[in-house]
Structure formats: C-alpha cells, structure tokens
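Trainee: My questions will all concern the structure given below.
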Amino acid sequence: MTHIKVPDIKPEIKYIGDGVQTTFNYPFPIFNDSDIKVYFNNNIKSGGYTVLGDGNTNGGILTFTEAPELNVVVTIAREIPLERSSDFTNVGRFSATSLNNEFDYITAGLQQVNNIAKSNLAFPKMERSTINSIPSRSERANKLLSFDGDGNPTVTPISEDGFSIMSSDMFLANGASAVQRKMLDKNKDFVSVKDFGAKGDGITDDTNSIKNALRESSSVFFPEGIYNISSSLEVKHGQFIFGLGNNSIISAINNSFDVINVTSGMSNIHDIKIINGNAGIKLYGKDSPCVQNIIENVIIESAEMGIVLDGYNSKSNPCYWNNFNNILISKPKTHGVLLTLTGNGDTPNANRFSKVRVYSHGEDTQGYGVFIQNGKYHNTFIDLEVNIDDAANGCIRLSEAEETLLMNVYTETIGAVDNIILDEDSQNTSIINHLSMSAGGAIVDSSGGSYSAINAGYPEKNYLRRTESDDFKAKLMRYEVTFIDYSTSAIHNIDLSTSFYLVSSFNGSVNMVLPEASMDNYGVEITIKKQDLSKNPVIITEKNGTGPDNREIKLSARYDFITVVSNGANWWIKAANAFPRSDQYYDGIAKVKPSLSSPLCLVSAYSGNVEVELPPADNINAIGQTLIIKKTDVTNNIVTITENGGAGPDNSNKVLNNQYDFITVMSNGAQWYVVG
C-alpha cells in the first residue's frame with residue numbers, strides 16, 4: 001500500500017456558508033477520519049458530517065447532512081494528537097513504510113504546531129530578548145499588561161474606569177490654549193462601529209453591531225472595511241455617521257430593503273459608500289419632521305434607487321430643507337433620485353441638490369435619472385449630471401412639481417432618450433444652462449409652456465415667459481415659425497406656441513382656427529401666410545368666436561397674409577396685404593344668402609327663379625360693404641334682389657332679367673344703395 005506524503009500546505013481551510021452548499025474540499029492529507037475537526041464560526045461541530053479521503057496525499061471531501069447557514073464561517077482543520085504510540089523492534093524486518101508513516105506523522109504535527117505559533121505574539125527576529133515570560137500571577141492581578149521603557153513586559157495599575165492612570169493616557173491637543181484630557185474622554189468623542197463588534201471583513205453580518213452603535217452614540221465612525229448588513233439602518237435626530245469615503249463601505253446583502261433610513265432631522269451622513277439596497281438612502285418623517293439633514297461626499301452603487309425623499313404619512317412631519325452635496329449614484333436599477341409621496345403627508349419641498357451625478361456606468365436603468373414624481377415649491381438641482389443607459393424612460397422628469405430650478409444641467413444617453421420631460425402638472429420650472437446630449441427631445445413639454453429656459457436645450461431652446469420690460473432693445477429678433485402642409489383638406493387649431501405660420505393649402509383648403517380671444521392671450525400677435533400656388537383657400541376663423549374683425553377671412557392667392565392681435569375680447573386685424581377675396585357662384589338654389597366676405601356673387605337661374613336676399617343694412621358685417629350680383633344664365637328666369645327685414649336696394653326689390661345683367665349695391669348702415 002502506498003503511504004501518503006505530507007506536502008508543504010497549511011492544515012486548515014475556511015469557507016463561507018451560503019445555506020445551499022453541503023460538500024467542501026480539504027486540500028491537506030489526513031491519516032484517519034478523526035483527524036478532521038470542523039468549526040462553525042468559533043464553535044466546534046461535533047457531528048453531522050462525513051469525511052472521505054483519509055490516506056490520500058491531496059486531501060478529500062467533507063459532506064454535511066445539512067448545509068451550513070448563510071454567512072457562517074466554516075473552518076476545516078487537521079488536528080492530530082501530538083503523541084507517539086508506536087515503537088520499532090530490535091529484531092525482524094525493518095519496514096520503510098512504517099518509518100515513512102512515522103516521519104509523515106511528525107511532519108503533520110510540526111505543521112499543526114507551526115499553524116498555531118503563527119497566531120501568537122513574538123519578538124521581532126532582529127531582537128534577542130532575554131525576557132521570555134510575563135510578570136507572575138500575583139503581580140499582574142487586576143493590572144494592565146504593558147511594556148516598560150526597555151520594551152519588556154510589565155504591569156500597570158488601572159483606575160476605576162478600567163483605564164491606566166499613567167500620564168501617557170492623557171491627551172493634549174496641539175496649540176497654546178489646549179487643555180489636557182483623559183484618553184477615555186477623548187475616545188468618547190465618537191465611537192467606531194468596531195467598538196460594538198462590527199468586523200468590516202465583507203463576510204460577517206455586521207447589522208446588529210452597527211445598530212447597537214447607532215443606539216448608543218450620536219456620532220458613529222465606520223473605519224476602512226466592507227460592512228455587510230441584512231436589514232435597514234435608521235439614522236435618528238441629530239446623528240452623525242461618517243467614514244473614509246470610498247474605503248468605508250456599507251453593503252446590503254440584496255435589494256429588498258433600504259440601506260439607510262433618515263427618519264428625523266438635523267442628521268449628517270458623509271464620506272460613506274453604499275452598495276445595493278432598495279434605496280441607498282431614504283428620507284421620510286416617521287415620528288418628527290425630516291428636515292435640515294445633510295448628505296455629502298457619498299457614493300451609492302447598484303441600488304434599486306439611489307436617493308428617495310418621501311412625504312410619507314403626516315403633513316406635520318414633512319420632508320423639507322434637506323441638503324445633498326457631492327453625490328455619485330452609480331448603476332441605479334430604476335431611479336437615481338426620486339421625490340415622491342406614498343401616504344397622506346406633504347410633498348418633499350425646498351430640498352437642495354448640488355454636484356449630484358447619476359451614472360448608469362453601462363448597466364440598465366429602467367426609470368429616470370431624476371424623477372420628481374411629487375415635489376412642490378423650490379426643489380433645486382445645481383450642477384447636475386444625468387448620464388444613463390438608453391433603456392431608461394428619460395433623463396429628468398418633472399410630474400407634479402412646482403417652482404423647480406434646474407441649473408448647470410448635463411444630460412446624456414447613447415440613444416434617443418428624452419432629456420427633460422415636463423408633465424402637464426409641472427408648473428413654473430426654470431431651466432438655466434442645460435446641455436442635452438441625448439438624441440431624444442431636449443425639453444419635452446406637456447405643461448402648456450409653464451417653464452422658462454435660458455441657454456437650455458440643443459441647439460437653441462431658450463424661453464422667457466410673461467416677461468415685461470419698460471425699455472427693451474434687441475439687435476436681432478427671431479420668431480418661431482411653424483410650417484403647415486396637410487395631405488388633404490384639414491382643420492388646424494392654433495395653440496399660440498408659434499407666432500408665425502406658413503401654410504400650404506396645395507392639397508386642400510386649410511382652416512386655421514384661432515383660440516377664443518381671452519385675457520390669457522391678451523396682446524398675442526399671430527401672422528398667417530399662404531405659401532402655395534393652388535386655388536384652395538386658407539381660411540381663418542375663431543374657436544367659439546366670430547373671427548378677426550368679427551368675420552371669416554380667406555387667403556386665396558399665394559403670398560396673401562394677415563396679422564391679428566387679441567385685446568382679450570376679440571381678434572383684430574393688425575395688418576394684411578390687399579388679398580383678393582374668392583368669388584361666390586350659386587346654381588340651382590332658389591334662395592341665396594350671399595357672403596359679404598366676397599365682392600362678387602354670380603347667380604345662375606337656369607333651373608328656376610332665384611331670390612338673392614341681402615342681410616339687413618345695419619348688420620355689422622354689411623356696413624361699408626360693396627357687393628356685385630350678376631345673372632349668368634341665358635333663360636328668361638329672373639334673379640330678384642331683396643333685403644332681409646328691409647325694403648331692398650334703393651328701397652325696392654331689384655330684378656335681373658337677362659344674361660350678364662348685374663347690380664352693385666352698398667350699405668351705409670341704414671339702407672342698401674344701388675351704386676352701379
């Protein structure tokens with residue numbers, strides 16, 4: 001039988017349980033199954049496993065009947081009795097195998113002792129100390145172990161607080177006015193989470209240790225390390241938590257819970273990195289107002305949402321006046337920053353964000369970089385960057401938001417994601433100095449223009465809303481122009497987003513409908529011009545009104561235009577070219593009521609006598625109007641000109657008997673006169 005060899009290998013290996021794995025390898029040889037000892041954390045496990053591989057140089061396999069629980073440190077070690085129970089005889093054959101086995105056992109024992117020795121304190125190799133023992137039991141009782149001036153072990157008396165009374169245990173700050181303090185008091189200025197048992201090793205669940213520290217101290221420090229947590233940490237009124245920036249990491253085991261909940265006011269979180277979580281940091285007023293909190297120099301990575309502000313359940317405990325500075329939100333799954341209202345409280349208001357960056361870093365973000373779902377009254381974002389994946393719904397979205405300020409904003413995706421989205425309920429948004437580098441809309445506005453933009457959008461999207469000036473000088477005035485070209489006859493409702501309309505009616509007449517004159521459009525000026533060569537008219541009317549100068553206007557020829565202005569009650573013609581008006585032609589109609597917007601009325605009586613009834617002379621559309629009525633057919637049927645409610649032209653009905661007979665009439669507001 002081949003004997004085992006004992007290679008130069010540590011007789012111990014560690015694993016972290018995941019609640020699933022039951023089989024674990026050990027890479028060192030053992031002589032018998034009983035040589036294996038198993039520890040869960042620091043506790044030895046007496047059974048519940050089987051060992052295979054004794055006698056194998058390369059080790060073997062250990063199998064548990066039940067998988068070690070999540071995050072349990074599993075230690076598998078070779079621990080053999082340091083004894084010799086065999087002996088060589090003086091007679092008989094000398095067995096090389098027996099000798100090899102003895103040497104193997106001795107080597108394994110030495111490895112075991114060496115493994116223990118490496119964990120002991122020892123003098124440095126360069127020192128040759130003659131002191132190899134500590135003071136006696138009676139000398140060291142109720143004293144602190146310390147070192148004297150020569151570096152040799154000694155003892156020091158302790159005070160009632162458990163600390164040394166030596167002068168070295170006093171602290172003196174640099175400076176002429178500094179006073180001496182006990183190190184005990186100095187150390188109580190703030191506590192470390194490690195003072196309460198946190199490991200920060202990226203393996204241990206440090207949740208309870210951190211919660212104990214937060215419960216006992218108002219100022220808690222996170223030294224360098226990775227602190228795993230399995231439930232939310234709550235920061236209460238006036239608490240400070242801080243670390244060493246990117247080197248102090250709080251890591252949630254999954255994204256099912258918020259990492260840090262700020263539930264009150266006046267707290268401060270700074271120089272911390274947060275990984276995972278439903279929300280990296282969530283602010284809401286649980287039992288008191290969530291106000292005047294400061295979050296700065298924080299990195300949040302791979303959370304479902306980076307920062308969440310929630311108005312929550314009570315208007316008495318609002319989420320107001322919180323400050324965020326120098327924040328990086330990396331790889332958010334849904335939203336980078338969310339302002340929302342999940343209960344009956346007030347919307348998050350007057351919160352300040354400065355130097356905040358939301359960066360997908362190549363991973364999918366399904367929501368928005370910044371989403372003000374509910375947030376009224378002066379939420380401010382200054383020096384904001386949103387650089388997110390093209391799977392997102394938008395870079396920045398304002399829904400139920402009022403008086404929001406976006407200043408020095410940069411938005412970018414590699415696709416056609418909209419940069420800034422203004423919903424219908426977003427009001428009075430101010431956008432200053434916005435560079436939009438996503439291929440989507442620069443400013444997608446559904447708010448009805450309830451925003452101001454200065455040097456915002458791409459390439460030029462700048463708006464000043466309802467601005468008054470006593471003295472205004474412009475070197476160059478530009479007008480927003482809309483081109484209208486339908487494939488068929490159409491109705492186009494003017495929404496006042498443009499001051500100049502170029503209209504093609506080549507494919508059919510186009511009815512340009514002005515909005516009803518009201519104080520909302522007081523002083524608004526609109527110009528409409530026909531640009532095509534067709535005979536199809538461009539018709540100008542008014543919604544729920546009579547139209548410019550109380551009538552319907554037709555632009556019949558190319559280059560015809562009209563400029564109208566609202567005084568809040570009516571639309572008035574401010575300027576127009578001498579545009580021709582379309583003729584009227586009637587055939588087969590027994591009674592005609594001519595339109596006064598056209599100067600010529602051609603009437604065929606071929607099918608029978610025709611009556612042309614003029615409107616009353618005092619009709620507002622008749623005053624000052626001239627109308628020519630001409631008979632076009634060859635029959636003996638007559639065309640009679642009458643007046644609605646009046647005596648007729650020159651106080652009598654007039655008759656056209658023959659082809660080409662015509663009459664020209666004009667109203668002076670009192671009666672119709674024959675003028676030709």
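Residue names in the structure tokens use chain letters A, B, ... in the order shown, residue numbers from 1 in each chain, and ligand numbers from 1 in the order shown.
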Find the residues near range 529-543 of chain A: any atom within 8 Å, counting only C-alpha atoms, skip ones fewer than 2 places away on the same chain, and give them as a PyMOL selection string.

Mentor: chain A and resi 501-516+527+545-548+551-562

Trainee: Pro27 in chain A: which residues within 10 Å, counting only C-alpha atoms, same-chain residues fewer than 6 positions away excluded, as a list of chain:residue names?

Mentor: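 Using only C-alpha atoms, the neighbours found are A:Pro7, A:Ile9, A:Lys10, A:Pro11, A:Glu12, A:Ile13, A:Asn56, A:Thr57, A:Asn58, A:Gly59, A:Gly60, A:Ile61, A:Ile76.
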
Trainee: Limited to N, CA and C atoms, could you put the picked residues into a file as a PDB file, in the first residue's frame?

Mentor:
ATOM      1  N   PRO A   7       2.618  17.233   2.025  1.00  0.00           N
ATOM      2  CA  PRO A   7       3.196  18.383   1.318  1.00  0.00           C
ATOM      3  C   PRO A   7       3.266  19.613   2.218  1.00  0.00           C
ATOM      4  N   ILE A   9       1.813  22.440   3.126  1.00  0.00           N
ATOM      5  CA  ILE A   9       0.497  23.061   2.979  1.00  0.00           C
ATOM      6  C   ILE A   9      -0.090  23.321   4.363  1.00  0.00           C
ATOM      7  N   LYS A  10      -0.803  24.403   4.493  1.00  0.00           N
ATOM      8  CA  LYS A  10      -1.435  24.745   5.762  1.00  0.00           C
ATOM      9  C   LYS A  10      -2.529  23.729   6.068  1.00  0.00           C
ATOM     10  N   PRO A  11      -2.548  23.153   7.284  1.00  0.00           N
ATOM     11  CA  PRO A  11      -3.545  22.111   7.595  1.00  0.00           C
ATOM     12  C   PRO A  11      -4.882  22.709   8.020  1.00  0.00           C
ATOM     13  N   GLU A  12      -5.333  23.690   7.278  1.00  0.00           N
ATOM     14  CA  GLU A  12      -6.584  24.365   7.649  1.00  0.00           C
ATOM     15  C   GLU A  12      -7.130  25.099   6.427  1.00  0.00           C
ATOM     16  N   ILE A  13      -8.459  25.119   6.263  1.00  0.00           N
ATOM     17  CA  ILE A  13      -9.089  25.859   5.168  1.00  0.00           C
ATOM     18  C   ILE A  13     -10.426  26.402   5.660  1.00  0.00           C
ATOM     19  N   ASN A  56      -5.135   9.911   1.564  1.00  0.00           N
ATOM     20  CA  ASN A  56      -4.842  10.500   0.256  1.00  0.00           C
ATOM     21  C   ASN A  56      -3.934  11.715   0.430  1.00  0.00           C
ATOM     22  N   THR A  57      -2.888  11.778  -0.368  1.00  0.00           N
ATOM     23  CA  THR A  57      -1.947  12.894  -0.269  1.00  0.00           C
ATOM     24  C   THR A  57      -2.622  14.233  -0.561  1.00  0.00           C
ATOM     25  N   ASN A  58      -3.575  14.252  -1.511  1.00  0.00           N
ATOM     26  CA  ASN A  58      -4.198  15.512  -1.949  1.00  0.00           C
ATOM     27  C   ASN A  58      -5.448  15.860  -1.168  1.00  0.00           C
ATOM     28  N   GLY A  59      -5.682  15.188  -0.044  1.00  0.00           N
ATOM     29  CA  GLY A  59      -6.842  15.528   0.767  1.00  0.00           C
ATOM     30  C   GLY A  59      -8.076  14.776   0.337  1.00  0.00           C
ATOM     31  N   GLY A  60      -9.268  15.353   0.675  1.00  0.00           N
ATOM     32  CA  GLY A  60     -10.511  14.659   0.367  1.00  0.00           C
ATOM     33  C   GLY A  60     -11.711  15.577   0.441  1.00  0.00           C
ATOM     34  N   ILE A  61     -12.864  14.976   0.770  1.00  0.00           N
ATOM     35  CA  ILE A  61     -14.138  15.691   0.734  1.00  0.00           C
ATOM     36  C   ILE A  61     -14.841  15.516   2.070  1.00  0.00           C
ATOM     37  N   ILE A  76     -12.281  23.965   8.391  1.00  0.00           N
ATOM     38  CA  ILE A  76     -11.929  22.540   8.371  1.00  0.00           C
ATOM     39  C   ILE A  76     -10.425  22.450   8.652  1.00  0.00           C
TER      40      ILE A  76
END

Trainee: Show me, as a ChimeraX atom specification, the residues that have an atom within 7 Å of Gly336 in chain A when counting only C-alpha atoms, minus same-chain residues fewer than 4 positions from it.

Mentor: /A:305-307,329,332,358,368-370

Trainee: List the neighbours of Ile226 in chain A out to 12 Å using only C-alpha atoms; skip same-chain residues closer than 4 positions along the sequence, and give me the result as an NGL selection string.

Mentor: :A and (193-194 or 198-207 or 222 or 243-253 or 272-275)

Trainee: Take the selection from the previous step and output its residues with C-alpha atoms, as a CSV table (one decimal), in the first residue's frame.

Mentor:
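The file below, selection.csv, is the result:
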chain,number,residue,atom,x,y,z
A,193,VAL,CA,-18.8,50.5,14.8
A,194,LYS,CA,-15.9,48.2,15.6
A,198,ALA,CA,-18.5,45.0,13.7
A,199,LYS,CA,-15.9,43.2,11.6
A,200,GLY,CA,-16.0,45.0,8.3
A,201,ASP,CA,-14.5,42.0,6.6
A,202,GLY,CA,-17.0,41.7,3.8
A,203,ILE,CA,-18.1,38.3,5.2
A,204,THR,CA,-19.6,38.8,8.6
A,205,ASP,CA,-23.2,40.2,9.0
A,206,ASP,CA,-22.5,43.4,10.9
A,207,THR,CA,-26.1,44.6,11.1
A,222,PHE,CA,-17.0,53.5,10.0
A,243,GLY,CA,-16.3,57.0,7.2
A,244,LEU,CA,-13.3,57.2,5.0
A,245,GLY,CA,-15.1,57.8,1.7
A,246,ASN,CA,-14.7,55.0,-0.9
A,247,ASN,CA,-12.9,52.9,1.7
A,248,SER,CA,-15.8,52.7,4.2
A,249,ILE,CA,-18.5,50.5,2.5
A,250,ILE,CA,-21.9,49.6,3.8
A,251,SER,CA,-23.1,46.7,1.6
A,252,ALA,CA,-26.7,45.3,1.7
A,253,ILE,CA,-26.9,41.6,1.0
A,272,ILE,CA,-19.6,56.7,3.0
A,273,LYS,CA,-20.0,54.3,0.2
A,274,ILE,CA,-23.3,52.3,-0.1
A,275,ILE,CA,-23.8,49.2,-2.2

Trainee: Quick one: DSSP strand (DSSP E or B) residues in range 280-422 of chain A, as a PyMOL selection string?

Mentor: chain A and resi 280-283+290-291+294-301+305-310+319-320+323-330+335-340+349+352-359+368-375+380-387+394-402+405-412+420-422

Trainee: Take the residues from that selection and put them in a file with C-alpha atoms, as a CSV table (one decimal), in the first residue's frame.

Mentor:
chain,number,residue,atom,x,y,z
A,280,GLY,CA,-29.4,53.7,-0.8
A,281,ILE,CA,-30.6,56.5,1.4
A,282,LYS,CA,-34.3,57.2,2.0
A,283,LEU,CA,-35.5,60.3,3.9
A,290,CYS,CA,-37.4,65.1,8.3
A,291,VAL,CA,-35.6,68.5,7.9
A,294,ILE,CA,-27.0,66.9,5.3
A,295,ILE,CA,-25.9,64.1,2.9
A,296,GLU,CA,-22.5,64.8,1.3
A,297,ASN,CA,-19.5,63.0,-0.2
A,298,VAL,CA,-21.5,59.8,-0.6
A,299,ILE,CA,-21.3,57.1,-3.3
A,300,ILE,CA,-24.3,54.9,-3.9
A,301,GLU,CA,-23.8,51.9,-6.2
A,305,MET,CA,-32.9,53.7,-6.3
A,306,GLY,CA,-30.1,56.0,-5.2
A,307,ILE,CA,-31.8,58.6,-3.0
A,308,VAL,CA,-35.5,58.7,-2.2
A,309,LEU,CA,-37.4,61.6,-0.5
A,310,ASP,CA,-40.9,60.7,0.6
A,319,CYS,CA,-39.5,66.2,4.2
A,320,TYR,CA,-38.2,69.8,3.7
A,323,ASN,CA,-29.2,69.2,1.5
A,324,PHE,CA,-27.3,66.9,-0.8
A,325,ASN,CA,-23.7,67.7,-1.9
A,326,ASN,CA,-21.1,65.9,-4.0
A,327,ILE,CA,-23.1,62.7,-4.5
A,328,LEU,CA,-22.4,59.9,-7.0
A,329,ILE,CA,-25.2,57.5,-7.8
A,330,SER,CA,-23.8,54.7,-9.9
A,335,HIS,CA,-34.3,55.9,-10.5
A,336,GLY,CA,-31.2,57.8,-9.4
A,337,VAL,CA,-33.1,60.4,-7.4
A,338,LEU,CA,-36.9,60.1,-6.6
A,339,LEU,CA,-39.1,62.7,-4.9
A,340,THR,CA,-42.4,61.0,-4.1
A,349,ASN,CA,-40.3,70.7,-0.8
A,352,ARG,CA,-31.3,71.3,-2.3
A,353,PHE,CA,-29.1,69.1,-4.6
A,354,SER,CA,-25.6,70.3,-5.5
A,355,LYS,CA,-23.0,68.5,-7.6
A,356,VAL,CA,-25.0,65.3,-8.0
A,357,ARG,CA,-24.1,62.8,-10.7
A,358,VAL,CA,-26.3,59.9,-11.8
A,359,TYR,CA,-24.3,57.5,-13.9
A,368,TYR,CA,-35.3,58.2,-14.7
A,369,GLY,CA,-32.0,59.7,-13.6
A,370,VAL,CA,-34.1,62.3,-11.6
A,371,PHE,CA,-37.8,61.9,-11.2
A,372,ILE,CA,-39.8,64.5,-9.2
A,373,GLN,CA,-43.0,62.4,-9.1
A,374,ASN,CA,-44.3,64.7,-6.3
A,375,GLY,CA,-42.4,67.7,-5.2
A,380,THR,CA,-33.3,72.9,-6.6
A,381,PHE,CA,-30.7,71.0,-8.6
A,382,ILE,CA,-27.5,72.8,-9.3
A,383,ASP,CA,-24.5,71.2,-11.2
A,384,LEU,CA,-26.5,68.1,-12.0
A,385,GLU,CA,-25.3,65.4,-14.4
A,386,VAL,CA,-27.5,62.5,-15.6
A,387,ASN,CA,-25.6,60.1,-17.9
A,394,GLY,CA,-36.0,59.7,-19.6
A,395,CYS,CA,-33.0,61.6,-18.1
A,396,ILE,CA,-35.1,64.0,-15.9
A,397,ARG,CA,-38.8,64.0,-15.4
A,398,LEU,CA,-41.0,66.6,-13.6
A,399,SER,CA,-44.5,65.4,-12.8
A,400,GLU,CA,-46.4,67.1,-10.0
A,401,ALA,CA,-43.7,69.7,-9.5
A,402,GLU,CA,-43.8,73.4,-9.0
A,405,LEU,CA,-34.9,75.1,-10.6
A,406,LEU,CA,-32.5,73.1,-12.8
A,407,MET,CA,-29.2,75.0,-13.2
A,408,ASN,CA,-26.0,73.8,-15.0
A,409,VAL,CA,-27.6,70.5,-16.0
A,410,TYR,CA,-26.0,68.0,-18.3
A,411,THR,CA,-28.0,65.0,-19.7
A,412,GLU,CA,-26.7,62.3,-21.9
A,420,ILE,CA,-36.0,66.8,-19.7
A,421,ILE,CA,-39.7,65.8,-19.6
A,422,LEU,CA,-42.3,68.3,-18.2

Trainee: Select from range 185-312 of chain A everything DSSP, run on the backbone, classes as helix (DSSP H, G or I), then give the selection as a ChimeraX atom specification.

Mentor: /A:185-187,193-196,207-216,245-247

Trainee: Write a file of the just-selected residues containing N, CA, C and O atoms, as a short mmCIF file (atom, residue, chain, number, x, y, z; two decimals), in the first residue's frame.

Mentor:
data_model
loop_
_atom_site.label_atom_id
_atom_site.label_comp_id
_atom_site.auth_asym_id
_atom_site.auth_seq_id
_atom_site.Cartn_x
_atom_site.Cartn_y
_atom_site.Cartn_z
N ASP A 185 -12.02 60.09 27.92
CA ASP A 185 -12.97 61.11 27.46
C ASP A 185 -12.74 61.43 25.99
O ASP A 185 -13.70 61.65 25.24
N LYS A 186 -11.48 61.47 25.59
CA LYS A 186 -11.18 61.74 24.18
C LYS A 186 -11.79 60.67 23.28
O LYS A 186 -12.39 60.97 22.25
N ASN A 187 -11.67 59.43 23.67
CA ASN A 187 -12.20 58.33 22.85
C ASN A 187 -13.72 58.31 22.79
O ASN A 187 -14.31 57.70 21.90
N VAL A 193 -17.95 51.69 14.80
CA VAL A 193 -18.81 50.51 14.77
C VAL A 193 -18.04 49.27 15.22
O VAL A 193 -18.63 48.31 15.73
N LYS A 194 -16.73 49.31 15.10
CA LYS A 194 -15.93 48.17 15.55
C LYS A 194 -15.87 48.09 17.07
O LYS A 194 -15.58 47.03 17.63
N ASP A 195 -16.16 49.22 17.76
CA ASP A 195 -16.25 49.18 19.22
C ASP A 195 -17.42 48.31 19.67
O ASP A 195 -17.45 47.87 20.83
N PHE A 196 -18.37 48.08 18.77
CA PHE A 196 -19.55 47.28 19.12
C PHE A 196 -19.55 45.93 18.40
O PHE A 196 -20.58 45.29 18.28
N THR A 207 -24.91 43.80 10.92
CA THR A 207 -26.12 44.60 11.15
C THR A 207 -26.31 44.94 12.62
O THR A 207 -26.47 46.11 12.99
N ASN A 208 -26.33 43.94 13.49
CA ASN A 208 -26.62 44.18 14.91
C ASN A 208 -25.55 45.04 15.56
O ASN A 208 -25.86 45.91 16.39
N SER A 209 -24.31 44.84 15.19
CA SER A 209 -23.24 45.66 15.76
C SER A 209 -23.42 47.13 15.41
O SER A 209 -23.26 48.02 16.26
N ILE A 210 -23.75 47.39 14.15
CA ILE A 210 -23.94 48.79 13.71
C ILE A 210 -25.16 49.39 14.39
O ILE A 210 -25.14 50.55 14.84
N LYS A 211 -26.24 48.63 14.49
CA LYS A 211 -27.45 49.14 15.15
C LYS A 211 -27.18 49.44 16.63
O LYS A 211 -27.69 50.43 17.17
N ASN A 212 -26.38 48.61 17.28
CA ASN A 212 -26.03 48.87 18.68
C ASN A 212 -25.23 50.16 18.79
O ASN A 212 -25.44 50.95 19.72
N ALA A 213 -24.31 50.38 17.87
CA ALA A 213 -23.54 51.63 17.89
C ALA A 213 -24.44 52.84 17.67
O ALA A 213 -24.31 53.86 18.36
N LEU A 214 -25.38 52.74 16.73
CA LEU A 214 -26.30 53.85 16.47
C LEU A 214 -27.23 54.09 17.65
O LEU A 214 -27.65 55.23 17.89
N ARG A 215 -27.56 53.03 18.37
CA ARG A 215 -28.45 53.19 19.52
C ARG A 215 -27.74 53.89 20.68
O ARG A 215 -28.35 54.65 21.44
N GLU A 216 -26.41 53.68 20.80
CA GLU A 216 -25.69 54.17 21.97
C GLU A 216 -24.99 55.50 21.75
O GLU A 216 -24.60 56.16 22.71
N GLY A 245 -14.75 57.66 3.11
CA GLY A 245 -15.10 57.76 1.70
C GLY A 245 -15.25 56.41 1.05
O GLY A 245 -15.93 55.51 1.57
N ASN A 246 -14.58 56.23 -0.07
CA ASN A 246 -14.71 55.01 -0.86
C ASN A 246 -14.17 53.77 -0.13
O ASN A 246 -14.43 52.64 -0.54
N ASN A 247 -13.45 53.98 0.97
CA ASN A 247 -12.87 52.87 1.71
C ASN A 247 -13.79 52.35 2.81
O ASN A 247 -13.51 51.31 3.41
#

Trainee: Might you pull out every residue within 9 Å of range 29-37 of chain A, with only C-alpha atoms counted and same-chain residues fewer than 2 positions away left off, and present them as a PyMOL selection string?

Mentor: chain A and resi 4-7+11+26-27+39+44-46+50-60+75-81+105+108

Trainee: Between CA of Gly648 in chain A and CA of Ile663 in chain A, measure the distance and give it in Å to one decimal.

Mentor: 12.4 Å

Trainee: So how far away is CA of Asn544 in chain A from CA of Ile589 in chain A, in Å?

Mentor: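 Taking CA of Ile589 in chain A as the start and CA of Asn544 in chain A as the end point, the length is 29.1 Å.
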